[in-house]
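Notes follow once the structure below has been shown.
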Amino acid sequence: MKIRFGKLVSRLGPLLGLLILSALLAALSPDFLTVSNLMNILNQVSLNGLVAVGMTFVILTGGIDLSVGSILALTAALLAAMLKAGIPDFLAIPATILLGLALGMASGVAISIFRLQPFIVTMAFMTIYRGATFVFTQGRPITGLGNRRIFAALGRGELGGVPWSGLVFLAGIGITAFVLARTVYGKYVYAVGGNPEAARLSGLAVRKITASVYAVSGIFAALAGIVLTSRLDSAQPLAGNGYELDAIAAVVLGGTSLSGGKGFMLGTLIGAFIIGVLNNGLNLLEVSSFYQQIVKGGVILLAVLLDRRK
Amino acid sequence: MNLEMRGIHKSFGTIPVLKNMNLEVREGEIHALVGENGAGKSTLMRILGGVISKDAGEILVDGRPIEISKVRDAERAGISIIHQELSVLPNMTVAENIFLGMEPRTRLGLVDSKAMRRAAAETLGRLGLGLEPRVRAGDLGVGQLQLVEIAKALIRKARLIVMDEPTSALSERETKRLFEVMRALKAEGVSFVYISHRLEELFAICDRLTVLRDGEYVGSASIRELSLERVVAMMVGREIGDRFPVKTNRPGGVVLEVRDLGRGRDFKGISFSLRRGEILGVAGLMGAGRTELVRALFGAEPAERGNILLDGQEVRIRSPQEAMALGLALVTEERKVDGLFLPFGVDFNIGSASFPSLATLGVLSPGKLEAFAGKAAEALRVKTPSLASPAASLSGGNQQKVVLARWLAREPRVLVLDEPTRGVDVGAKREIYEIIDRLAARGVAVLMVSSELPEIIGMSDRVLVMRNGKNAGLLESGFTQEQIMSLATGV
């Protein structure tokens with residue numbers, strides 16, 4: 001029973017933190033608990049949230065992916081170029097997602113085949129992809145993307161008052177939570193993170209699984225890139241800069257262990273919301289963005305400290 | 001030193017783990033501390049070492065009560081603990097390891113490497129280990145590291161050294177060497193607390209012993225007054241008839257044939273056949289290439305030369321997946337390192353090699369894993385609070401059963417076991433032997449690597465002895481410890 005209780009606490013801890021934070025902000029600002037503000041938060045959270053979903057897979061295997069922000073920018077630029085060239089969005093969007101998969105896979109293959117450190121490999125690809133984005137865009141935003149329905153809806157549209165971007169994010173969480181909890185692939189991700197050698201001797205294709213999580217991460221970075229491009233109606237060469245850190249923070253705040261093998265997708269949902277609610281609340285309270293960073297860093301430290309006690 | 005621990009109590013939460021425990025170690029004595037896993041040996045030693053605090057009771061050194069509330073207190077009292085998992089830093093030199101945390105300084109406050117090396121060499125010499133103190137610790141074998149740990153204790157002026165399973169990874173020769181060192185130190189007045197699952201060893205090296213059972217003090221006696229059977233009976237609280245079950249298996253036709261197998265310098269020219277329902281023991285010293293051979297058979301580190309035939313058909317085994325597809329299974333030597341997913345549930349650990357068979361289109365059906373793991377756990381009588389309990393929370397014997405359950409659930413044709421009862425207590429050992437015998441009786445071909453000769457002799461139908469990576473002999477029947485040892489050592 002004791003173990004069960006501990007597990008419950010470790011799962012509910014982040015949620016409790018989110019509720020306390022929300023209650024605090026609701027008490028401090030009358031604007032916080034309004035439908036329009038909550039939808040606004042969902043919209044804001046979806047970008048970082050999508051990146052964090054992919055990051056969760058990587059971190060569960062004990063890896064890290066620093067290249068997500070650059071993948072986001074490069075896929076966004078290529079999407080914008082395709083749309084500008086007149087390629088319809090129902091073709092351009094899947095192509096963009098495939099591109100994200102390929103870009104992520106490149107890190108994954110380098111890490112698993114050559115047994116390199118994920119930190120270094122993805123840092124290298126972060127730089128390479130950012131450079132490629134600058135080369136491709138010549139350092140200028142790509143605008144004039146035309147009027148495409150699906151594309152426009154993803155970043156700017158709503159369904160019954162709920163932003164489409166938020167729905168994409170929540171669907172992403174739902175699907176991946178199912179994959180992690182209930183599929184063979186999900187179990188393998190945990191196994192590789194929990195003990196790679198035991199996994200290999202259990203007959204698992206550890207290298208393929210390792211490579212695949214970076215592909216998953218690339219897919220979600222590309223999804224975030226699509227949403228952001230739609231929201232700004234343009235592709236920016238500096239888009240997604242620093243997103244990897246917010247995504248890692250969301251995953252860790254959600255209770256997933258950086259050493260791998262331990263964590264849940266619903267934790268990442270909560271972690272992303274903690275960051276989103278914090279940003280939103282501090283904005284509502286008119287706290288300067290300089291101080292906001294300090295508060296955010298403090299919250300991350302606090303969360304890690306609380307997590308350690310369990 | 002004379003050490004007395006009296007009336008020690010310790011509870012974790014509401015669960016008492018030590019109840020009125022006593023231990024008396026005399027000066028210049030090697031004192032065995034024995035009990036099954038979970039009996040409280042390590043808890044008692046952690047209290048002595050200052051890692052955890054006791055709830056009640058007293059500790060006396062040379063008749064004077066002392067307070068040990070942190071590791072420094074124990075060190076200052078002259079107590080040193082050498083854990084089973086050695087605490088050597090592989091990238092530092094032997095001298096640096098020995099002096100870690102108490103490096104001699106020059107007048108400028110820098111580390112006095114010369115003095116350090118000189119003192120290290122002197123202490124190592126005292127242990128009969130003519131080792132260059134500048135060697136990287138990671139380049140040494142386990143036997144040498146064990147002695148480095150003792151040197152470390154001596155530099156800290158230890159007068160009582162606790163050794164937790166020191167020989168579990170040592171060869172026969174290294175064990176002899178360790179015992180010689182211990183006897184020499186004993187003559188100088190150093191006392192030892194000696195913990196080992198290898199009961200035969202206690203009779204070779206110890207003077208007296210104390211037995212614990214379920215956290216309670218059972219008794220102490222001079223080792224000369226006891227028999228092996230009596231010690232086992234004290235440990236388990238009942239008489240165990242035989243340590244090994246009566247064999248019921250009947251070897252049949254050849255299943256697996258290995259011809260001239262080799263890989264690098266690990267092993268070469270290994271040939272043998274394995275029959276249906278046979279238990280083939282693989283004996284040899286540490287480093288003889290036994291583990292490397294069986295891991296190659298399973299494709300963990302594939303062989304480079306030679307042939308493997310299954311039912312007379314040549315097969316290639318280049319990965320664990322290929323081995324598993326052919327009906328092979330491997331229970332590795334170090335279950336905590338490459339066997340178990342320690343933080344994960346028992347169900348996950350049992351299912352880890354069978355997930356695809358429990359799924360439809362990659363989706364696991366709810367309850368199927370529980371049913372699968374539950375059945376496998378029950379068949380081997382795994383004792384666990386629940387199937388979701390982390391493997392790390394089980395005793396050594398039950399952990400080993402979990403790994404066995406993982407592979408037995410796949411119904412292998414050839415089961416490869418590497419040290420199947422290492423770190424497992426007496427009661428569970430007997431259970432594991434029964435499981436192995438039952439499997440063989442059902443027709444499974446078993447290849448069993450073991451460093452415990454009684455185990456090899458008690459369980460095997462035939463014995464393959466390896467020396468320096470080569471086949472030193474294949475014994476058909478009526479083999480003895482002496483015969484195996486002489487083949488293994490080449491003398």
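Ordered as shown in the structure tokens, chains take letters A, B, and onward, while each chain numbers its residues from 1 and ligands are numbered from 1 in the order shown.
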
Counting only C-alpha atoms, chain A residues within 10 Å of chain B, as a VMD selection string: chain A and resid 1 3 to 4 178 to 179 181 to 188 190 to 205 261 to 262

May I have the residues within 8 Å of stretch 202-217 of chain B as a PyMOL selection string, using only C-alpha atoms and disregarding those fewer than 6 positions away in the same chain? chain B and resi 16-23+29-36+38-41+179+183+194+196+223-224+231+234-237

Straight-line distance linking atom CA of A:Leu170 with atom CA of A:Ala250, stated in Å to one decimal: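 Separating atom CA of A:Leu170 from atom CA of A:Ala250 is a distance of 14.8 Å.
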
Please identify all polymer residues within 8 Å of B:Val258, counting only C-alpha atoms, omitting same-chain residues fewer than 5 positions from it, and present them as number ranges by chain. B: 270-273, 306-309

So the first atom is atom CA of A:Gly271 and the second is atom CA of A:Ile97; what is the distance between them in Å, to one decimal place? 24.3 Å

Give me the residues near B:Gly101 as a PyMOL selection string, where near means some atom within 12 Å (using only C-alpha atoms) and where sequence neighbours in that chain fewer than 3 positions away do not count. chain B and resi 72+95-98+104-105+111+152+155-156

Export N, CA, C and O atoms of the chosen residues as a compact mmCIF listing (two decimals), in the first residue's frame?
```txt
# COMPACT_ATOMS: atom_id res chain seq x y z
N ARG B 72 31.93 8.98 9.65
CA ARG B 72 33.19 9.43 10.25
C ARG B 72 33.42 8.81 11.63
O ARG B 72 34.55 8.47 11.98
N ALA B 95 47.18 4.35 -5.87
CA ALA B 95 47.58 5.18 -4.73
C ALA B 95 46.51 6.23 -4.42
O ALA B 95 46.15 6.45 -3.26
N GLU B 96 45.98 6.85 -5.46
CA GLU B 96 44.95 7.88 -5.25
C GLU B 96 43.71 7.28 -4.62
O GLU B 96 43.08 7.88 -3.75
N ASN B 97 43.38 6.07 -5.05
CA ASN B 97 42.23 5.40 -4.47
C ASN B 97 42.44 5.10 -2.99
O ASN B 97 41.55 5.30 -2.16
N ILE B 98 43.62 4.61 -2.68
CA ILE B 98 43.91 4.23 -1.29
C ILE B 98 43.83 5.45 -0.38
O ILE B 98 43.33 5.38 0.74
N PRO B 104 48.12 12.90 1.70
CA PRO B 104 49.17 13.64 2.40
C PRO B 104 49.48 14.94 1.63
O PRO B 104 49.40 14.96 0.41
N ARG B 105 49.79 16.00 2.38
CA ARG B 105 50.03 17.30 1.73
C ARG B 105 51.49 17.70 1.84
O ARG B 105 52.18 17.34 2.80
N VAL B 111 48.98 18.08 -3.05
CA VAL B 111 49.02 16.65 -2.75
C VAL B 111 50.46 16.15 -2.90
O VAL B 111 51.10 16.39 -3.92
N LYS B 152 43.25 0.25 1.63
CA LYS B 152 42.58 1.50 1.95
C LYS B 152 42.14 1.51 3.42
O LYS B 152 42.32 2.50 4.13
N ILE B 155 45.27 1.88 5.72
CA ILE B 155 45.77 3.25 5.76
C ILE B 155 44.93 4.08 6.72
O ILE B 155 45.42 5.00 7.37
N ARG B 156 43.65 3.73 6.80
CA ARG B 156 42.75 4.45 7.72
C ARG B 156 42.83 3.87 9.13
O ARG B 156 41.96 4.10 9.94
```

Would you kindly return, as a ChimeraX atom specification, each protein, DNA or RNA residue with an atom no farther than 12 Å from any atom of stretch 15-30 of chain A, considering only C-alpha atoms and excluding same-chain residues fewer than 5 positions away? /A:8-10,35,37-38,41,250,253-255,266-286,299-300,302-304,306-307

Give me the residues near A:Lys84 as JSON, numbers by chain, where near means some atom within 9 Å (using only C-alpha atoms) and where sequence neighbours in that chain fewer than 4 positions away do not count. {"A": [79, 80, 142, 143, 144, 145, 146]}

Might you pull out every residue within 9 Å of B:Gly50, with only C-alpha atoms counted and same-chain residues fewer than 4 positions away left off, and present them as a PyMOL selection string? chain B and resi 45-46+68-75

Would you write out those residues with all heavy atoms, as a JSON list (two decimals), in the first residue's frame?
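Saved as selection.json:
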```
[["chain", "number", "residue", "atom", "x", "y", "z"],
["B", 45, "MET", "N", 25.27, -4.17, 9.64],
["B", 45, "MET", "CA", 26.56, -3.63, 9.25],
["B", 45, "MET", "C", 26.46, -2.15, 8.88],
["B", 45, "MET", "O", 27.40, -1.39, 9.07],
["B", 45, "MET", "CB", 27.13, -4.42, 8.06],
["B", 45, "MET", "CG", 27.59, -5.82, 8.44],
["B", 45, "MET", "SD", 28.80, -5.80, 9.80],
["B", 45, "MET", "CE", 27.83, -6.41, 11.17],
["B", 46, "ARG", "N", 25.29, -1.75, 8.36],
["B", 46, "ARG", "CA", 25.13, -0.33, 8.06],
["B", 46, "ARG", "C", 25.05, 0.49, 9.34],
["B", 46, "ARG", "O", 25.48, 1.63, 9.37],
["B", 46, "ARG", "CB", 23.89, -0.12, 7.18],
["B", 46, "ARG", "CG", 24.17, -0.48, 5.72],
["B", 46, "ARG", "CD", 22.91, -0.68, 4.93],
["B", 46, "ARG", "NE", 22.25, 0.59, 4.65],
["B", 46, "ARG", "CZ", 20.98, 0.69, 4.27],
["B", 46, "ARG", "NH1", 20.25, -0.38, 4.15],
["B", 46, "ARG", "NH2", 20.46, 1.86, 4.02],
["B", 68, "ILE", "N", 27.99, 5.78, 17.38],
["B", 68, "ILE", "CA", 28.28, 5.87, 15.94],
["B", 68, "ILE", "C", 27.05, 6.43, 15.25],
["B", 68, "ILE", "O", 26.05, 5.74, 15.09],
["B", 68, "ILE", "CB", 28.62, 4.48, 15.35],
["B", 68, "ILE", "CG1", 29.88, 3.92, 16.02],
["B", 68, "ILE", "CG2", 28.83, 4.58, 13.84],
["B", 68, "ILE", "CD1", 30.27, 2.54, 15.52],
["B", 69, "SER", "N", 27.11, 7.70, 14.90],
["B", 69, "SER", "CA", 25.94, 8.27, 14.25],
["B", 69, "SER", "C", 26.22, 8.68, 12.81],
["B", 69, "SER", "O", 25.31, 8.98, 12.06],
["B", 69, "SER", "CB", 25.40, 9.46, 15.05],
["B", 69, "SER", "OG", 26.43, 10.40, 15.24],
["B", 70, "LYS", "N", 27.50, 8.73, 12.45],
["B", 70, "LYS", "CA", 27.80, 8.98, 11.05],
["B", 70, "LYS", "C", 29.04, 8.20, 10.64],
["B", 70, "LYS", "O", 29.75, 7.64, 11.49],
["B", 70, "LYS", "CB", 27.97, 10.48, 10.78],
["B", 70, "LYS", "CG", 28.85, 11.23, 11.75],
["B", 70, "LYS", "CD", 28.77, 12.71, 11.43],
["B", 70, "LYS", "CE", 29.79, 13.52, 12.20],
["B", 70, "LYS", "NZ", 29.57, 13.48, 13.67],
["B", 71, "VAL", "N", 29.28, 8.14, 9.33],
["B", 71, "VAL", "CA", 30.35, 7.31, 8.82],
["B", 71, "VAL", "C", 31.70, 7.68, 9.44],
["B", 71, "VAL", "O", 32.51, 6.81, 9.76],
["B", 71, "VAL", "CB", 30.42, 7.41, 7.27],
["B", 71, "VAL", "CG1", 31.55, 6.57, 6.72],
["B", 71, "VAL", "CG2", 29.10, 6.96, 6.66],
["B", 72, "ARG", "N", 31.93, 8.98, 9.65],
["B", 72, "ARG", "CA", 33.19, 9.43, 10.25],
["B", 72, "ARG", "C", 33.42, 8.81, 11.63],
["B", 72, "ARG", "O", 34.55, 8.47, 11.98],
["B", 72, "ARG", "CB", 33.20, 10.97, 10.40],
["B", 72, "ARG", "CG", 33.41, 11.72, 9.11],
["B", 72, "ARG", "CD", 34.80, 11.55, 8.56],
["B", 72, "ARG", "NE", 35.84, 12.17, 9.36],
["B", 72, "ARG", "CZ", 37.14, 12.06, 9.10],
["B", 72, "ARG", "NH1", 37.52, 11.33, 8.07],
["B", 72, "ARG", "NH2", 38.04, 12.65, 9.85],
["B", 73, "ASP", "N", 32.33, 8.66, 12.39],
["B", 73, "ASP", "CA", 32.46, 8.08, 13.75],
["B", 73, "ASP", "C", 33.01, 6.67, 13.67],
["B", 73, "ASP", "O", 33.88, 6.28, 14.46],
["B", 73, "ASP", "CB", 31.09, 8.04, 14.44],
["B", 73, "ASP", "CG", 30.53, 9.43, 14.69],
["B", 73, "ASP", "OD1", 31.34, 10.39, 14.66],
["B", 73, "ASP", "OD2", 29.31, 9.56, 14.88],
["B", 74, "ALA", "N", 32.47, 5.90, 12.72],
["B", 74, "ALA", "CA", 32.91, 4.52, 12.57],
["B", 74, "ALA", "C", 34.38, 4.48, 12.17],
["B", 74, "ALA", "O", 35.17, 3.71, 12.72],
["B", 74, "ALA", "CB", 32.06, 3.81, 11.53],
["B", 75, "GLU", "N", 34.73, 5.34, 11.21],
["B", 75, "GLU", "CA", 36.12, 5.39, 10.76],
["B", 75, "GLU", "C", 37.05, 5.71, 11.92],
["B", 75, "GLU", "O", 38.10, 5.10, 12.09],
["B", 75, "GLU", "CB", 36.28, 6.46, 9.67],
["B", 75, "GLU", "CG", 36.15, 5.89, 8.27],
["B", 75, "GLU", "CD", 36.42, 6.93, 7.20],
["B", 75, "GLU", "OE1", 37.09, 7.96, 7.50],
["B", 75, "GLU", "OE2", 35.96, 6.73, 6.07]]
```

List every residue of stretch 166-238 of chain A that DSSP, applied to the backbone of this structure, assigns to alpha helix (DSSP H), and report them as a ChimeraX atom specification. /A:166-182,184-194,196-201,206-232

What's the separation between atom CA of A:Gln44 and atom CA of A:Val58, in Å to one decimal place?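 So the answer is 22.9 Å.
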
Which is closer to B:Met459 than all the others in B:Val94, B:Ala169, B:Leu415, B:Val246, using only C-alpha atoms?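 Selected residue with least distance to B:Met459: B:Val246.
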
Measuring atom to atom with only C-alpha atoms, identify which of B:Leu487, B:Val218, B:Gln144, B:Gly469 is nearest to B:Arg263.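 For B:Arg263, the nearest of the candidates is B:Gly469.
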
Residue with the minimum atom-to-atom distance to B:Ala441, picked from B:Gln313, B:Ser11, B:Asn249, B:Thr384 with only C-alpha atoms counted, is B:Asn249
